[in-house]
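Source file work.txt; content: compact mmCIF, C-alpha atoms.
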# COMPACT_ATOMS: atom_id res chain seq x y z
CA MET A 17 40.98 -3.97 -18.25
CA GLN A 18 39.40 -1.25 -20.28
CA ASN A 19 36.22 -3.28 -20.45
CA MET A 20 36.20 -3.57 -16.68
CA VAL A 21 36.51 0.19 -16.26
CA ALA A 22 33.76 0.71 -18.81
CA GLY A 23 31.61 -1.80 -16.88
CA ILE A 24 32.04 0.18 -13.67
CA ALA A 25 31.06 3.41 -15.41
CA VAL A 26 27.97 1.77 -16.91
CA GLU A 27 26.88 0.48 -13.51
CA GLN A 28 27.44 3.85 -11.84
CA ILE A 29 25.50 5.65 -14.51
CA ALA A 30 22.68 3.13 -14.15
CA GLN A 31 22.64 3.83 -10.41
CA MET A 32 22.58 7.56 -11.01
CA ARG A 33 19.70 7.15 -13.41
CA ARG A 34 17.77 5.06 -10.87
CA GLY A 35 18.34 7.79 -8.29
CA LEU A 36 17.11 10.55 -10.62
CA LEU A 37 14.08 8.74 -12.00
CA PRO A 38 11.77 9.31 -9.01
CA TYR A 39 12.32 13.06 -9.25
CA CYS A 40 11.67 13.01 -12.99
CA VAL A 41 8.32 11.36 -12.22
CA LEU A 42 7.54 14.03 -9.62
CA ALA A 43 8.58 16.75 -12.09
CA LEU A 44 6.21 15.39 -14.73
CA LEU A 45 3.39 15.63 -12.19
CA ARG A 46 4.23 19.19 -11.10
CA ASP A 47 1.63 20.92 -13.26
CA ALA A 48 -0.85 18.19 -14.10
CA GLN A 49 -2.08 14.81 -13.03
CA ARG A 50 -1.30 11.98 -15.44
CA TYR A 51 -2.30 8.36 -15.83
CA GLY A 52 0.20 5.50 -15.72
CA PHE A 53 0.52 4.82 -19.45
CA GLU A 54 0.94 8.52 -20.23
CA LEU A 55 3.62 8.94 -17.54
CA VAL A 56 5.48 5.85 -18.65
CA ARG A 57 5.45 6.82 -22.32
CA THR A 58 6.64 10.35 -21.57
CA LEU A 59 9.52 9.06 -19.43
CA GLY A 60 10.30 6.41 -22.03
CA GLY A 61 10.62 9.18 -24.61
CA ILE A 62 13.36 10.95 -22.64
CA ASP A 63 16.67 9.87 -24.10
CA GLY A 64 18.65 7.54 -21.86
CA MET A 65 16.24 7.70 -18.94
CA VAL A 66 14.40 4.40 -18.90
CA THR A 67 15.55 0.93 -19.93
CA GLY A 68 12.29 -0.95 -19.45
CA GLU A 69 8.96 0.85 -19.31
CA GLY A 70 7.57 -1.85 -17.04
CA THR A 71 10.04 -0.94 -14.28
CA ILE A 72 8.35 2.44 -13.81
CA TYR A 73 5.19 0.90 -12.33
CA PRO A 74 6.96 -0.44 -9.22
CA LEU A 75 8.50 3.03 -8.83
CA LEU A 76 5.06 4.65 -8.97
CA ALA A 77 3.84 2.22 -6.30
CA ARG A 78 6.82 3.11 -4.12
CA LEU A 79 6.22 6.86 -4.47
CA ARG A 80 2.63 6.27 -3.44
CA ARG A 81 3.67 4.24 -0.38
CA GLN A 82 6.06 7.08 0.54
CA GLY A 83 3.17 9.53 0.35
CA LEU A 84 4.78 11.60 -2.43
CA VAL A 85 2.03 10.90 -4.97
CA GLU A 86 -1.61 9.90 -4.66
CA THR A 87 -3.92 8.20 -7.12
CA THR A 88 -7.54 8.55 -8.19
CA TRP A 89 -9.56 6.49 -10.63
CA GLN A 90 -11.21 8.43 -13.42
CA GLU A 91 -13.45 7.44 -16.28
CA SER A 92 -11.81 7.24 -19.67
CA THR A 93 -13.43 7.90 -23.02
CA ALA A 94 -11.21 5.28 -24.63
CA GLY A 95 -11.77 2.26 -22.40
CA PRO A 96 -11.74 1.14 -18.76
CA PRO A 97 -11.19 3.69 -15.94
CA ARG A 98 -7.65 5.04 -15.58
CA ARG A 99 -5.59 5.44 -12.45
CA TYR A 100 -4.34 9.03 -12.33
CA TYR A 101 -1.28 10.07 -10.35
CA ARG A 102 -0.79 13.49 -8.80
CA LEU A 103 1.62 15.13 -6.35
CA THR A 104 0.84 15.33 -2.65
CA PRO A 105 2.08 18.36 -0.65
CA ALA A 106 4.93 16.13 0.59
CA GLY A 107 5.78 15.22 -3.01
CA ARG A 108 5.80 18.88 -4.03
CA HIS A 109 8.10 19.67 -1.11
CA ALA A 110 10.49 16.82 -2.03
CA LEU A 111 10.56 17.97 -5.65
CA GLY A 112 11.37 21.55 -4.55
CA GLU A 113 14.26 20.39 -2.39
CA PHE A 114 15.62 18.19 -5.13
CA THR A 115 15.35 20.90 -7.77
CA ALA A 116 17.36 23.38 -5.70
CA GLU A 117 20.07 20.83 -4.94
CA TRP A 118 20.16 19.58 -8.53
CA ASN A 119 20.64 23.07 -9.96
CA ARG A 120 23.54 23.71 -7.61
CA LEU A 121 25.22 20.38 -8.31
CA ARG A 122 24.62 20.52 -12.05
CA GLY A 123 26.24 23.97 -12.26
CA SER A 124 29.31 22.76 -10.39
CA VAL A 125 29.71 19.60 -12.43
CA ASP A 126 29.15 21.44 -15.73
CA ARG A 127 31.85 24.00 -14.87
CA LEU A 128 34.24 21.24 -13.84
CA MET A 129 33.66 19.23 -17.00
CA ALA A 130 33.86 22.23 -19.33
CA ALA A 131 36.81 24.08 -17.79
CA PRO A 132 40.18 24.03 -19.58
CA ARG A 133 42.79 22.22 -17.50
CA GLU A 134 44.74 25.33 -16.34
CA GLU A 135 41.60 26.99 -14.90
CA LEU A 136 40.87 24.19 -12.44
CA PRO A 137 41.69 24.93 -8.81
CA ASP A 138 44.87 23.22 -7.54
CA GLY A 139 44.80 20.10 -5.41
CA MET B 6 -4.12 -11.94 -33.67
CA ASP B 7 -4.26 -15.21 -31.74
CA ASP B 8 -0.47 -15.23 -31.60
CA ALA B 9 -0.48 -11.70 -30.22
CA ASP B 10 -2.97 -12.64 -27.50
CA ARG B 11 -0.93 -15.68 -26.64
CA MET B 12 2.27 -13.63 -26.37
CA ILE B 13 0.59 -11.15 -24.04
CA ARG B 14 -0.89 -13.90 -21.88
CA ASP B 15 2.54 -15.55 -21.74
CA TYR B 16 4.21 -12.28 -20.72
CA LEU B 17 1.72 -11.67 -17.90
CA ARG B 18 2.04 -15.26 -16.74
CA ARG B 19 5.84 -14.93 -16.53
CA LEU B 20 5.44 -11.67 -14.64
CA ARG B 21 3.07 -13.33 -12.18
CA VAL B 22 5.59 -16.12 -11.57
CA THR B 23 8.55 -13.82 -11.00
CA CYS B 24 6.49 -11.62 -8.66
CA ARG B 25 5.50 -14.53 -6.45
CA SER B 26 7.67 -13.42 -3.53
CA LEU B 27 6.05 -9.97 -3.36
CA PRO B 28 3.27 -9.20 -0.87
CA ARG B 29 -0.07 -9.96 -2.45
CA THR B 30 -1.32 -6.36 -2.68
CA SER B 31 1.87 -5.10 -4.35
CA ARG B 32 1.86 -8.01 -6.76
CA ASP B 33 -1.80 -7.62 -7.72
CA GLU B 34 -1.37 -3.88 -8.21
CA LEU B 35 1.74 -4.27 -10.38
CA ILE B 36 0.09 -6.87 -12.60
CA ALA B 37 -3.05 -4.72 -12.91
CA GLU B 38 -0.94 -1.71 -13.93
CA VAL B 39 1.05 -3.62 -16.53
CA THR B 40 -2.17 -5.18 -17.88
CA ALA B 41 -3.72 -1.70 -18.13
CA HIS B 42 -0.58 -0.47 -19.91
CA ILE B 43 -0.95 -3.18 -22.54
CA GLU B 44 -4.67 -2.41 -22.91
CA GLU B 45 -3.92 1.29 -23.42
CA ALA B 46 -1.31 0.51 -26.05
CA ARG B 47 -3.71 -1.78 -27.88
CA ALA B 48 -6.50 0.79 -27.68
CA ALA B 49 -4.07 3.26 -29.28
CA GLY B 50 -3.65 0.78 -32.12
CA GLU B 51 -0.02 0.05 -31.28
CA ALA B 52 -0.28 -3.68 -31.01
CA ALA B 53 -2.35 -4.35 -34.10
CA ASP B 54 -0.15 -7.21 -35.29
CA GLU B 55 2.47 -9.59 -33.97
CA VAL B 56 5.34 -7.20 -34.65
CA GLY B 57 3.49 -4.48 -32.75
CA VAL B 58 3.00 -6.76 -29.76
CA ARG B 59 6.65 -7.82 -29.82
CA ASN B 60 7.73 -4.18 -29.76
CA LEU B 61 5.28 -3.34 -26.99
CA LEU B 62 6.54 -6.19 -24.79
CA ALA B 63 10.18 -5.41 -25.58
CA ARG B 64 9.66 -1.81 -24.46
CA LEU B 65 8.10 -3.02 -21.23
CA GLY B 66 11.23 -5.04 -20.49
CA GLU B 67 11.81 -8.58 -19.24
CA PRO B 68 9.35 -9.72 -16.53
CA ASP B 69 12.39 -10.52 -14.35
CA ASP B 70 13.56 -6.90 -14.53
CA VAL B 71 10.08 -5.52 -13.80
CA ALA B 72 9.75 -7.85 -10.81
CA ALA B 73 13.26 -6.96 -9.60
CA ALA B 74 12.36 -3.26 -9.73
CA ALA B 75 9.44 -4.11 -7.43
CA GLY B 76 11.82 -5.81 -5.00
CA ALA B 77 11.12 -9.44 -5.88
CA GLY B 78 13.95 -11.89 -5.26
CA PRO B 79 16.05 -13.26 -8.13
CA ALA B 80 14.25 -16.58 -7.95
CA ASP B 81 10.50 -16.87 -7.63
CA VAL B 82 10.90 -17.84 -3.99
CA ARG B 83 13.26 -16.36 -1.46
CA TYR B 84 14.72 -18.77 1.06
CA ARG B 85 15.76 -18.10 4.60
CA ARG B 86 17.78 -19.93 7.21
CA VAL B 87 15.73 -22.37 9.22
CA GLY B 88 15.68 -21.62 12.95
CA GLY B 89 16.90 -24.02 15.66
CA MET B 90 13.36 -24.55 16.87
CA GLU B 91 12.23 -25.78 13.45
CA ILE B 92 15.20 -28.13 13.08
CA ALA B 93 14.55 -29.54 16.56
CA ALA B 94 10.87 -29.99 15.76
CA VAL B 95 11.55 -31.94 12.55
CA ILE B 96 14.20 -34.20 14.15
CA LEU B 97 12.08 -34.91 17.22
CA LEU B 98 9.00 -35.65 15.11
CA LEU B 99 11.03 -38.15 13.11
CA ILE B 100 13.09 -40.03 15.74
CA GLY B 101 12.22 -38.41 19.06
CA GLY B 102 9.67 -41.13 19.72
CA ILE B 103 12.35 -43.81 19.36
CA VAL B 104 14.96 -42.13 21.55
CA VAL B 105 12.50 -41.35 24.32
CA PRO B 106 9.38 -43.43 23.56
CA PHE B 107 6.42 -41.16 22.78
CA ALA B 108 7.62 -38.25 24.96
CA GLY B 109 10.28 -37.25 22.40
CA TRP B 110 7.71 -37.12 19.61
CA ILE B 111 5.28 -35.15 21.76
CA VAL B 112 7.94 -32.48 22.39
CA GLY B 113 8.48 -32.33 18.61
CA ALA B 114 4.75 -31.91 18.01
CA VAL B 115 4.56 -29.10 20.58
CA LEU B 116 7.46 -27.29 18.85
CA LEU B 117 5.77 -27.85 15.47
CA TRP B 118 2.55 -26.21 16.61
CA ALA B 119 4.37 -23.42 18.45
CA SER B 120 6.44 -22.35 15.41
CA PRO B 121 5.14 -19.43 13.34
CA ARG B 122 6.97 -20.75 10.25
CA TRP B 123 4.37 -23.37 9.41
CA ARG B 124 0.80 -22.98 8.41
CA TRP B 125 -2.06 -24.89 9.94
CA GLY B 126 -2.17 -27.49 7.14
CA ASP B 127 1.59 -28.21 7.43
CA LYS B 128 1.23 -28.69 11.19
CA LEU B 129 -1.64 -31.09 10.68
CA ILE B 130 0.33 -33.18 8.18
CA GLY B 131 3.37 -33.14 10.48
CA THR B 132 1.25 -34.42 13.35
CA LEU B 133 -0.76 -37.07 11.50
CA VAL B 134 2.10 -38.72 9.52
CA TRP B 135 2.71 -40.48 11.82
CA PRO B 136 1.85 -39.98 15.49
CA GLY B 137 5.01 -41.19 17.20
CA GLY B 138 7.14 -40.58 14.11
CA LEU B 139 9.19 -43.62 13.05
CA LEU B 140 8.29 -45.40 16.27
CA ALA B 141 4.90 -46.46 14.92
CA PRO B 142 6.01 -48.00 11.59
CA ILE B 143 9.04 -49.67 13.16
CA THR B 144 6.86 -51.25 15.84
CA LEU B 145 4.34 -52.37 13.21
CA ILE B 146 7.04 -53.86 11.00
CA GLY B 147 8.53 -55.60 13.99
CA LEU B 148 5.18 -57.15 14.81
CA ALA B 149 4.55 -58.05 11.16
CA SER B 150 7.89 -59.82 10.79
CA LEU B 151 7.27 -61.75 14.00
CA THR B 152 3.93 -62.83 12.59
CA ALA B 153 5.53 -63.75 9.28
CA VAL B 154 8.17 -65.88 11.01
CA HIS B 155 5.46 -67.56 12.98
CA GLY B 156 3.39 -68.01 9.82
CA THR B 157 6.15 -69.62 7.70
CA SER B 158 7.00 -71.97 10.49
CA CYS B 159 3.70 -73.65 10.13
CA VAL B 160 3.63 -73.99 6.36
CA GLY B 161 3.54 -77.62 5.45
CA SER B 162 3.04 -78.76 8.98
CA PRO B 163 0.05 -80.91 9.43
CA VAL B 164 -2.51 -78.60 10.91
CA PRO B 165 -5.80 -80.33 11.47
CA ALA B 166 -8.55 -78.70 9.49
CA THR B 167 -11.03 -76.84 11.58
CA ALA B 168 -14.64 -77.73 11.49
CA ALA B 169 -15.58 -74.66 9.49
CA GLY B 170 -13.12 -75.22 6.60
CA ALA B 171 -13.22 -78.99 6.68
CA SER B 172 -15.24 -79.52 3.51
CA HIS B 173 -12.66 -78.33 0.94
CA ILE B 174 -9.31 -77.45 2.47
CA SER B 175 -8.93 -80.27 4.85
CA ALA B 176 -6.16 -81.86 2.78
CA THR B 177 -4.02 -78.69 2.48
CA PRO B 178 -1.70 -77.80 5.31
CA SER B 179 -2.30 -74.12 5.99
CA CYS B 180 -1.63 -71.24 8.30
CA THR B 181 -4.92 -69.43 8.05
CA ALA B 182 -4.91 -68.87 11.74
CA THR B 183 -1.69 -66.80 11.65
CA GLY B 184 -2.50 -64.57 8.68
CA SER B 185 -0.49 -65.90 5.72
CA ALA B 186 -3.70 -65.97 3.72
CA GLY B 187 -3.69 -62.12 3.70
CA PRO B 188 -2.14 -59.92 0.95
CA PRO B 189 0.94 -61.31 -0.84
CA GLY B 190 4.41 -60.66 0.55
CA TRP B 191 5.45 -58.02 -2.00
CA ALA B 192 2.38 -55.93 -1.24
CA ILE B 193 3.25 -55.95 2.43
CA ALA B 194 6.84 -54.96 1.61
CA VAL B 195 5.68 -52.04 -0.56
CA LEU B 196 3.22 -50.93 2.08
CA ALA B 197 5.91 -51.14 4.76
CA ALA B 198 8.31 -49.10 2.63
CA LEU B 199 5.65 -46.42 2.08
CA VAL B 200 4.81 -46.33 5.77
CA VAL B 201 8.50 -45.88 6.66
CA LEU B 202 9.19 -43.37 3.87
CA ALA B 203 6.18 -41.19 4.63
CA PRO B 204 7.63 -39.55 7.77
CA PHE B 205 10.86 -38.75 5.86
CA CYS B 206 8.86 -37.13 3.06
CA VAL B 207 6.86 -35.14 5.58
CA ALA B 208 10.10 -34.06 7.32
CA ALA B 209 11.55 -32.89 3.99
CA TRP B 210 8.29 -31.06 3.24
CA LEU B 211 8.34 -29.31 6.62
CA VAL B 212 11.94 -28.16 6.09
CA HIS B 213 11.01 -26.86 2.64
CA ARG B 214 8.03 -24.96 4.02
CA ALA B 215 10.04 -23.50 6.90
CA ARG B 216 12.64 -22.16 4.42
CA ARG B 217 10.07 -20.47 2.22
CA ALA B 218 10.06 -16.72 2.40
CA GLN B 219 7.47 -14.86 4.33
CA PRO B 220 6.09 -11.91 2.39
CA LEU B 221 8.28 -8.88 2.94
CA PRO B 222 6.63 -6.05 4.85
CA ALA B 223 5.23 -3.54 2.38

Kindly transcribe the structure held in the file into structure tokens.
Amino acid sequence: MQNMVAGIAVEQIAQMRRGLLPYCVLALLRDAQRYGFELVRTLGGIDGMVTGEGTIYPLLARLRRQGLVETTWQESTAGPPRRYYRLTPAGRHALGEFTAEWNRLRGSVDRLMAAPREELPDG
Amino acid sequence: MDDADRMIRDYLRRLRVTCRSLPRTSRDELIAEVTAHIEEARAAGEAADEVGVRNLLARLGEPDDVAAAAGAGPADVRYRRVGGMEIAAVILLLIGGIVVPFAGWIVGAVLLWASPRWRWGDKLIGTLVWPGGLLAPITLIGLASLTAVHGTSCVGSPVPATAAGASHISATPSCTATGSAGPPGWAIAVLAALVVLAPFCVAAWLVHRARRAQPLPA
């Protein structure tokens, strides 16, 4: 029974992570364009964010189809040309909306999780 | 290093297989990106030996998971329900010509060519093996068995040798005129079985092709 409950939590957290990942990609592109390998390695270095680095490439393709990022090929000093990703105006707008909502939600959840029992509102 | 190369080739091959149900452009792009990722890691000296390559591929994740993230089905091919039109086409192609001689098969052929589920090559195979469906082989076998009955009836009976064969077979009773001098009986039986089985195989093939997934819209 306990295992089952734990299983549900794991699945919900995985879903949450999947939902957050696109915005983490957009956030990484806020100030600079980056190429695929660089993006993937940076995300992979964030604790608990990515399970398989390979799964980020389909996400990048989806963001491009949605018009939130765009790509350009650029010469590389280290090998073949690299595909660079950067935010589109629509991507910047989506990131702004998410950031505002995330800050609000995070504050509420943090207060709820941290509050001693007697300070929580009734009901 | 050969082992490392082989492991990378194997990984990309597995990815290609699991991505088969994706639209071609998405699939090609994903494989190009993952290939570039591996190249970058190798250029950075990460995959210098077998352990390095193992770690690199482990970090990428299972090809199945990468393909699933791209929206590929759990199997390499996604199947769909076959429509009524396709079922009718296959049945009519097979036995329509027997139920309503020729006309039934023709209706089946029209449905076959009208359906968007099959490609040109499938439609051609469905039409050519055999025109008339099972009607043609059954008619042929009927004729052949009639001939065979006729042929055996004359074995041993004193048939006068014809002028042309008189010099050396005049003493042997034969049925050359009715065809028993052709291929041996077992060959005819095998051929008949193949001719009858062929339309069934083609029908099974058409059902399989109709069930295959169409690429999902990108």

Please, which residues in chain B fall within 9 Å of chain A when counting all atoms listed in the file, and what is the closest atom pair and distance in Å to one decimal for each, ordered by chain then residue number, as a tab-separated table?
residue	atom	partner	partner_atom	distance
B:Ser31	CA	A:Ala77	CA	7.8
B:Glu34	CA	A:Ala77	CA	8.2
B:Leu35	CA	A:Tyr73	CA	6.5
B:Glu38	CA	A:Tyr73	CA	6.9
B:Val39	CA	A:Gly70	CA	6.8
B:Ala41	CA	A:Phe53	CA	7.9
B:His42	CA	A:Phe53	CA	5.4
B:Ile43	CA	A:Phe53	CA	8.7
B:Glu44	CA	A:Gly95	CA	8.5
B:Glu45	CA	A:Phe53	CA	6.9
B:Ala46	CA	A:Phe53	CA	8.1
B:Ala48	CA	A:Ala94	CA	7.2
B:Ala49	CA	A:Ala94	CA	8.8
B:Leu62	CA	A:Gly70	CA	8.9
B:Ala63	CA	A:Gly68	CA	7.9
B:Arg64	CA	A:Gly68	CA	5.7
B:Leu65	CA	A:Gly70	CA	4.4
B:Gly66	CA	A:Gly68	CA	4.4
B:Glu67	CA	A:Gly68	CA	7.6
B:Pro68	CA	A:Gly70	CA	8.1
B:Asp70	CA	A:Thr71	CA	6.9
B:Val71	CA	A:Thr71	CA	4.6
B:Ala72	CA	A:Thr71	CA	7.7
B:Ala73	CA	A:Thr71	CA	8.3
B:Ala74	CA	A:Thr71	CA	5.6
B:Ala75	CA	A:Pro74	CA	4.8
B:Gly76	CA	A:Pro74	CA	8.4
B:Ala223	CA	A:Arg81	CA	8.4

Restricting it to C-alpha atoms, dump the selection as a CSV table (one decimal), in the coordinates of the input.
chain,number,residue,atom,x,y,z
B,31,SER,CA,1.9,-5.1,-4.4
B,34,GLU,CA,-1.4,-3.9,-8.2
B,35,LEU,CA,1.7,-4.3,-10.4
B,38,GLU,CA,-0.9,-1.7,-13.9
B,39,VAL,CA,1.0,-3.6,-16.5
B,41,ALA,CA,-3.7,-1.7,-18.1
B,42,HIS,CA,-0.6,-0.5,-19.9
B,43,ILE,CA,-1.0,-3.2,-22.5
B,44,GLU,CA,-4.7,-2.4,-22.9
B,45,GLU,CA,-3.9,1.3,-23.4
B,46,ALA,CA,-1.3,0.5,-26.0
B,48,ALA,CA,-6.5,0.8,-27.7
B,49,ALA,CA,-4.1,3.3,-29.3
B,62,LEU,CA,6.5,-6.2,-24.8
B,63,ALA,CA,10.2,-5.4,-25.6
B,64,ARG,CA,9.7,-1.8,-24.5
B,65,LEU,CA,8.1,-3.0,-21.2
B,66,GLY,CA,11.2,-5.0,-20.5
B,67,GLU,CA,11.8,-8.6,-19.2
B,68,PRO,CA,9.4,-9.7,-16.5
B,70,ASP,CA,13.6,-6.9,-14.5
B,71,VAL,CA,10.1,-5.5,-13.8
B,72,ALA,CA,9.8,-7.8,-10.8
B,73,ALA,CA,13.3,-7.0,-9.6
B,74,ALA,CA,12.4,-3.3,-9.7
B,75,ALA,CA,9.4,-4.1,-7.4
B,76,GLY,CA,11.8,-5.8,-5.0
B,223,ALA,CA,5.2,-3.5,2.4

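The coordinates place CA of Leu128 (chain A) at 21.1 Å from CA of Ala22 (chain A).
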
Inset, instruction - Would you mind reading off the distance between CA of Ala198 (chain B) and CA of Leu99 (chain B), one decimal, in Å? - result: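 We find that CA of Ala198 (chain B) and CA of Leu99 (chain B) lie 15.4 Å from each other.
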
Legend entry - Test item: which residues lie within 6 Å of (6.8, 13.8, -18.0) counting all atoms listed in the file, as a PyMOL selection string: chain A and resi 44+55+58-59

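With CA of Arg102 (chain A) on one side and CA of Val85 (chain A) on the other, the separation reads 5.4 Å.
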
Inset, instruction - Would you mind telling me which residue in A:Gln49, A:Ser124, A:Thr115, A:Thr88 lies nearest to Leu103 (chain A) when using all atoms listed in the file? - result: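 Under the stated criterion, the closest residue is A:Gln49.
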
Legend entry - Spatial neighbours of Ala9 (chain B), 7 Å, all atoms listed in the file, chain gap at least 5 places, as a PyMOL selection string: chain B and resi 54-55+58

Writing out the chosen residues with C-alpha atoms as an mmCIF file, in the frame of the given file:
data_model
loop_
_atom_site.group_PDB
_atom_site.id
_atom_site.type_symbol
_atom_site.label_atom_id
_atom_site.label_comp_id
_atom_site.auth_asym_id
_atom_site.auth_seq_id
_atom_site.Cartn_x
_atom_site.Cartn_y
_atom_site.Cartn_z
ATOM 1 C CA ASP B 54 -0.150 -7.210 -35.290
ATOM 2 C CA GLU B 55 2.470 -9.590 -33.970
ATOM 3 C CA VAL B 58 3.000 -6.760 -29.760
#

Give as a CSV table (one decimal) with C-alpha atoms, keeping the file's coordinate frame every residue, naming chains and numbers as the document does, that has an atom within 10 Å of (6.2, -26.3, 18.6), counting all atoms listed in the file.
chain,number,residue,atom,x,y,z
B,90,MET,CA,13.4,-24.6,16.9
B,91,GLU,CA,12.2,-25.8,13.4
B,93,ALA,CA,14.6,-29.5,16.6
B,94,ALA,CA,10.9,-30.0,15.8
B,95,VAL,CA,11.6,-31.9,12.6
B,111,ILE,CA,5.3,-35.2,21.8
B,112,VAL,CA,7.9,-32.5,22.4
B,113,GLY,CA,8.5,-32.3,18.6
B,114,ALA,CA,4.8,-31.9,18.0
B,115,VAL,CA,4.6,-29.1,20.6
B,116,LEU,CA,7.5,-27.3,18.8
B,117,LEU,CA,5.8,-27.8,15.5
B,118,TRP,CA,2.6,-26.2,16.6
B,119,ALA,CA,4.4,-23.4,18.4
B,120,SER,CA,6.4,-22.4,15.4
B,121,PRO,CA,5.1,-19.4,13.3
B,123,TRP,CA,4.4,-23.4,9.4
B,128,LYS,CA,1.2,-28.7,11.2

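Considering the residues B:Arg124, B:Asp69, B:Ala192, B:Arg32 and counting all atoms listed in the file, Arg19 (chain B) has its shortest atom-to-atom contact with B:Asp69.
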
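Closest to Asp10 (chain B) among B:Arg59, B:Leu27, B:Gly50, B:Pro188 is B:Arg59, based on all atoms listed in the file.
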
Legend entry - Contacts of region 133-149 of chain B at 6 Å (all atoms listed in the file; same-chain gap of 3+ positions) as a list in words: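 Listing them by chain and then by number gives Leu98, Leu99, Ile100, Gly102, Ile103, Phe107, Trp110, Ile130, Thr152, Val201 and Pro204 of chain B.
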
Could I see region 40-45 of chain A restored to all heavy atoms, set down as a PDB file, in the coordinates of the input?
ATOM      1  N   CYS A  40      12.217  12.722 -11.658  1.00  0.00           N
ATOM      2  CA  CYS A  40      11.670  13.010 -12.990  1.00  0.00           C
ATOM      3  C   CYS A  40      10.174  12.729 -13.008  1.00  0.00           C
ATOM      4  O   CYS A  40       9.399  13.475 -13.618  1.00  0.00           O
ATOM      5  CB  CYS A  40      12.376  12.142 -14.039  1.00  0.00           C
ATOM      6  SG  CYS A  40      14.117  12.563 -14.211  1.00  0.00           S
ATOM      7  N   VAL A  41       9.758  11.664 -12.313  1.00  0.00           N
ATOM      8  CA  VAL A  41       8.320  11.360 -12.220  1.00  0.00           C
ATOM      9  C   VAL A  41       7.609  12.510 -11.509  1.00  0.00           C
ATOM     10  O   VAL A  41       6.582  13.023 -11.973  1.00  0.00           O
ATOM     11  CB  VAL A  41       8.091  10.030 -11.468  1.00  0.00           C
ATOM     12  CG1 VAL A  41       6.613   9.828 -11.175  1.00  0.00           C
ATOM     13  CG2 VAL A  41       8.639   8.862 -12.272  1.00  0.00           C
ATOM     14  N   LEU A  42       8.166  12.939 -10.370  1.00  0.00           N
ATOM     15  CA  LEU A  42       7.540  14.030  -9.620  1.00  0.00           C
ATOM     16  C   LEU A  42       7.483  15.299 -10.485  1.00  0.00           C
ATOM     17  O   LEU A  42       6.478  16.024 -10.475  1.00  0.00           O
ATOM     18  CB  LEU A  42       8.325  14.317  -8.332  1.00  0.00           C
ATOM     19  CG  LEU A  42       8.380  13.181  -7.298  1.00  0.00           C
ATOM     20  CD1 LEU A  42       9.125  13.637  -6.045  1.00  0.00           C
ATOM     21  CD2 LEU A  42       6.995  12.680  -6.931  1.00  0.00           C
ATOM     22  N   ALA A  43       8.550  15.549 -11.260  1.00  0.00           N
ATOM     23  CA  ALA A  43       8.580  16.750 -12.090  1.00  0.00           C
ATOM     24  C   ALA A  43       7.493  16.705 -13.166  1.00  0.00           C
ATOM     25  O   ALA A  43       6.859  17.723 -13.463  1.00  0.00           O
ATOM     26  CB  ALA A  43       9.961  16.903 -12.748  1.00  0.00           C
ATOM     27  N   LEU A  44       7.260  15.516 -13.715  1.00  0.00           N
ATOM     28  CA  LEU A  44       6.210  15.390 -14.730  1.00  0.00           C
ATOM     29  C   LEU A  44       4.821  15.657 -14.153  1.00  0.00           C
ATOM     30  O   LEU A  44       3.898  16.017 -14.871  1.00  0.00           O
ATOM     31  CB  LEU A  44       6.221  13.975 -15.337  1.00  0.00           C
ATOM     32  CG  LEU A  44       7.256  13.693 -16.411  1.00  0.00           C
ATOM     33  CD1 LEU A  44       7.181  12.223 -16.821  1.00  0.00           C
ATOM     34  CD2 LEU A  44       6.999  14.581 -17.625  1.00  0.00           C
ATOM     35  N   LEU A  45       4.696  15.459 -12.827  1.00  0.00           N
ATOM     36  CA  LEU A  45       3.390  15.630 -12.190  1.00  0.00           C
ATOM     37  C   LEU A  45       3.233  17.026 -11.574  1.00  0.00           C
ATOM     38  O   LEU A  45       2.233  17.315 -10.934  1.00  0.00           O
ATOM     39  CB  LEU A  45       3.195  14.565 -11.100  1.00  0.00           C
ATOM     40  CG  LEU A  45       3.146  13.119 -11.604  1.00  0.00           C
ATOM     41  CD1 LEU A  45       3.126  12.144 -10.430  1.00  0.00           C
ATOM     42  CD2 LEU A  45       1.919  12.909 -12.482  1.00  0.00           C
TER      43      LEU A  45
END
